[in-house]
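Notes follow once the structure below has been shown.
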Amino acid sequence: MENNMEGYERKRVCDVASVLAILSFVAVFADGLFLDTLIRFRYENQSYDFGLTTSRVNNVMTPFWAVLFAGIAVFFVSLVISVMKCGRLKEGGGVCMTWFDRIFAEVHLLLGICAACICVPAGWLLQNAYRHVRLLGHLTGAGNVSYSELIRTYAGVSDEALLFSASMEIALAVILLALIALFELLIIHAIAKKLKNRGFWKGTFIGWLAIGIYHGLAQSEKTYRNLMIVLVLLTLASATMVGAIAVLILIFVVVPKYFARYDAVKQGITEVASGNLEYKINLPGDGEFERLAEKVNSIADAQQIAVSNELKNERMKTELITNVSHDLRTPLTSMITYVDLLENEGLDSPNAEEYLQVIDEKTKSLYKLTEDLFEAAKASSGDIPVSLETLDLRALTEQALGEFSDQLKKRNLSVVFIPPEEPVMIVGDGRLLYRIMENMLTNVGKYALEGSRVYIDIDEEHKAGEPDMRIMTVKNISDAPLNIDTDELMSRFTRGDDARNTEGSGLGLAIARDLAAVMGGRFRVSIDGDLFKCVLMMPRRC
């Protein structure tokens, strides 16, 4: 927005130029009519023989011609300046519009014509006044007589009456001309503002109607119907000579634009079909071609996302095979090694008991991994028995914390849990729900920063637009940097530590997600720096 000083200076220049334009218009109009009266007087001299020469009358007319041309020059210069400076500038271009400026241009044109018609009686008043005053006689040397007296009209009327009548006519004519000039200038300024805002076509009734019809047809999905309507309208319009010319102009102006849009869409389809998924069709607007271009761009985006997801799935599949191989081979390698030691040293060896204990631990670890893998497969496929009942989420949480308190204390983890005053009733399977909590707390015991706090919250109402859910949140600080995406962390056989030094299969979070889904709930994780958060949402009791 322009500052106050610049706006004031712009308005002041516009006002001064507008006043000069109005005054010069009145002066030119009055001077022109006076010249017309002199010309008539010159021809009347030949009929009535006032005793004057034509050269004397022409000499009188010379300064008035100079005033006329000077007034015309001042009028056009001041008009151009006022048009250039009219309107308060807006930020980003254009000028501010008033209610009068927003009127249709056709209405402005009609009002301008009506105002211009008032110039006719104003001109008649001036010419009549010129006939009554005796200035014409003095200027031409005819004597102390008026034009009316010379041509023997208004005989017997007193000088005072003629002077008063002429004065009133001149004053009324000048006021009318000034008002007309002011009104016409406002109309010119309104049209200039439309042009400055690049909205003249929209500011006309025909343009407003045409744009409305165009947008109505463009936003419609019925292309064939729209085409038939346009063809019928063009046929009716071309029935007249003016309509035919207008139709030809529209054809030469509009058709090339449509073909250019068609070529742009065609080029985009060719690029996408050839594999260039990053190519975008840039067509502003909301017409048929624009909507088609947007759909082509959407197809390219969807295809690009599909390719990206496919590459991601392939990479995760490779990592899955690698992780499974690692988790299976590690206990098996240990078992084979200690079995070989027993075979070589015999069962009577003093180390035999230690070897058997290691073999037993690795066997149980392998069994646990197999069980987790089997359970993950059943949970993912939904092939798992579910017995839904009404449960108290608060009581289940307290029970799970009691059973895992020793494991959490080993890592010096402090649990911060403020249970709700009232029971939080949900619908779920108690066995599956406890397994989810077991996986969540096991994950905390393995990967939380030793000596830190673990926050557990239960909300009676989910405040994120889920009024039919109850939510349980577990938050902890991770011991290792979480340089991993949440989607990858939720995938199977993925752990929080890249070195895979901790025990576990990496299936816990994936199992928790699938078990929550079969009970009609949701399970998700989020990472914010080193803050790790698990969120369990379960349906509330109806």
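Convention: chains lettered A, B, ... in structure tokens order; per-chain residue numbering from 1; ligands numbered from 1 as shown.
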Can you tell me which residues surround Asn297 (chain A) at a distance of at most 10 Å, considering only C-alpha atoms, apart from same-chain residues fewer than 6 positions away, and format the answer as a ChimeraX atom specification? /A:265,268-269,272,277-282,291,303
Selection: 9 Å around Leu20 (chain A), only C-alpha atoms, excl. self and same-chain fewer than 4 positions, as number ranges by chain: A: 15-16, 24-25, 74-75, 78-79
Please list as a ChimeraX atom specification every residue within 8 Å of Leu109 (chain A), counting only C-alpha atoms and excluding residues in the same chain fewer than 4 positions away. /A:105,113,187
Restricting the output to C-alpha atoms, write the selected residues as a CSV table (one decimal), in the first residue's frame.
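Contents of the output file again_13.csv:
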chain,number,residue,atom,x,y,z
A,105,ALA,CA,-19.4,0.0,-18.3
A,113,ILE,CA,-24.8,10.0,-23.2
A,187,ILE,CA,-17.2,8.2,-15.7
With only C-alpha atoms as the counted atoms, please give the residues lying no more than 12 Å from Ala66 (chain A), apart from itself and same-chain residues fewer than 5 positions off, as a ChimeraX atom specification. /A:28,31-32,35,59-61,71-73
Atoms to include: C-alpha atoms. Write the selected residues as a PDB file, in the first residue's frame.
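Generated output (selection_26.pdb):
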ATOM      1  CA  VAL A  28     -13.896  25.807 -24.612  1.00  0.00           C
ATOM      2  CA  ASP A  31     -15.802  30.152 -26.384  1.00  0.00           C
ATOM      3  CA  GLY A  32     -16.874  27.836 -29.167  1.00  0.00           C
ATOM      4  CA  LEU A  35     -17.361  31.968 -32.070  1.00  0.00           C
ATOM      5  CA  ASN A  59     -10.165  40.284 -36.682  1.00  0.00           C
ATOM      6  CA  VAL A  60     -12.495  40.120 -33.693  1.00  0.00           C
ATOM      7  CA  MET A  61     -12.704  36.311 -34.027  1.00  0.00           C
ATOM      8  CA  GLY A  71      -8.386  25.628 -23.985  1.00  0.00           C
ATOM      9  CA  ILE A  72      -8.552  22.394 -25.976  1.00  0.00           C
ATOM     10  CA  ALA A  73      -4.848  21.762 -25.322  1.00  0.00           C
TER      11      ALA A  73
END
Excluding Val474 (chain A) and its own-chain neighbours fewer than 4 positions away, which residues fall within 7 Å of it when counting only C-alpha atoms? Please give them as a list in words. Tyr455, Ile456, Asp457, Lys533, Cys534 and Val535 of chain A
DSSP on the backbone: which residues in region 246-487 of chain A end up as strand (DSSP E or B)? Give the answer as a PyMOL selection string. chain A and resi 389-392+414-417+425-428+448+453-459+462+466+469-478
Any chance you could export the current selection's C-alpha atoms as an mmCIF file, in the first residue's frame?
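Full text of again_23.cif as output:
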data_model
loop_
_atom_site.group_PDB
_atom_site.id
_atom_site.type_symbol
_atom_site.label_atom_id
_atom_site.label_comp_id
_atom_site.auth_asym_id
_atom_site.auth_seq_id
_atom_site.Cartn_x
_atom_site.Cartn_y
_atom_site.Cartn_z
ATOM 1 C CA GLU A 389 -15.751 -57.867 26.082
ATOM 2 C CA THR A 390 -15.954 -54.791 28.276
ATOM 3 C CA LEU A 391 -12.609 -54.082 29.960
ATOM 4 C CA ASP A 392 -11.190 -51.469 32.295
ATOM 5 C CA SER A 414 10.918 -44.403 36.816
ATOM 6 C CA VAL A 415 7.317 -44.779 35.708
ATOM 7 C CA VAL A 416 5.115 -41.660 35.943
ATOM 8 C CA PHE A 417 1.495 -42.809 35.780
ATOM 9 C CA MET A 425 -14.148 -48.793 30.018
ATOM 10 C CA ILE A 426 -13.291 -50.081 26.551
ATOM 11 C CA VAL A 427 -14.256 -52.949 24.269
ATOM 12 C CA GLY A 428 -11.516 -55.477 23.481
ATOM 13 C CA ALA A 448 14.623 -46.524 26.951
ATOM 14 C CA ARG A 453 11.438 -41.442 33.234
ATOM 15 C CA VAL A 454 8.632 -43.246 31.425
ATOM 16 C CA TYR A 455 5.314 -41.377 31.127
ATOM 17 C CA ILE A 456 2.044 -43.283 30.771
ATOM 18 C CA ASP A 457 -1.244 -41.429 30.275
ATOM 19 C CA ILE A 458 -4.837 -42.540 29.794
ATOM 20 C CA ASP A 459 -7.373 -40.087 28.403
ATOM 21 C CA HIS A 462 -9.504 -38.698 22.830
ATOM 22 C CA GLU A 466 -11.886 -39.320 18.123
ATOM 23 C CA MET A 469 -11.995 -43.888 21.325
ATOM 24 C CA ARG A 470 -10.044 -44.174 24.559
ATOM 25 C CA ILE A 471 -6.329 -43.530 24.295
ATOM 26 C CA MET A 472 -3.291 -44.844 26.156
ATOM 27 C CA THR A 473 0.076 -43.149 25.570
ATOM 28 C CA VAL A 474 3.532 -44.406 26.557
ATOM 29 C CA LYS A 475 6.440 -41.953 26.194
ATOM 30 C CA ASN A 476 10.126 -42.495 26.850
ATOM 31 C CA ILE A 477 13.571 -41.177 25.886
ATOM 32 C CA SER A 478 15.427 -43.539 23.575
#
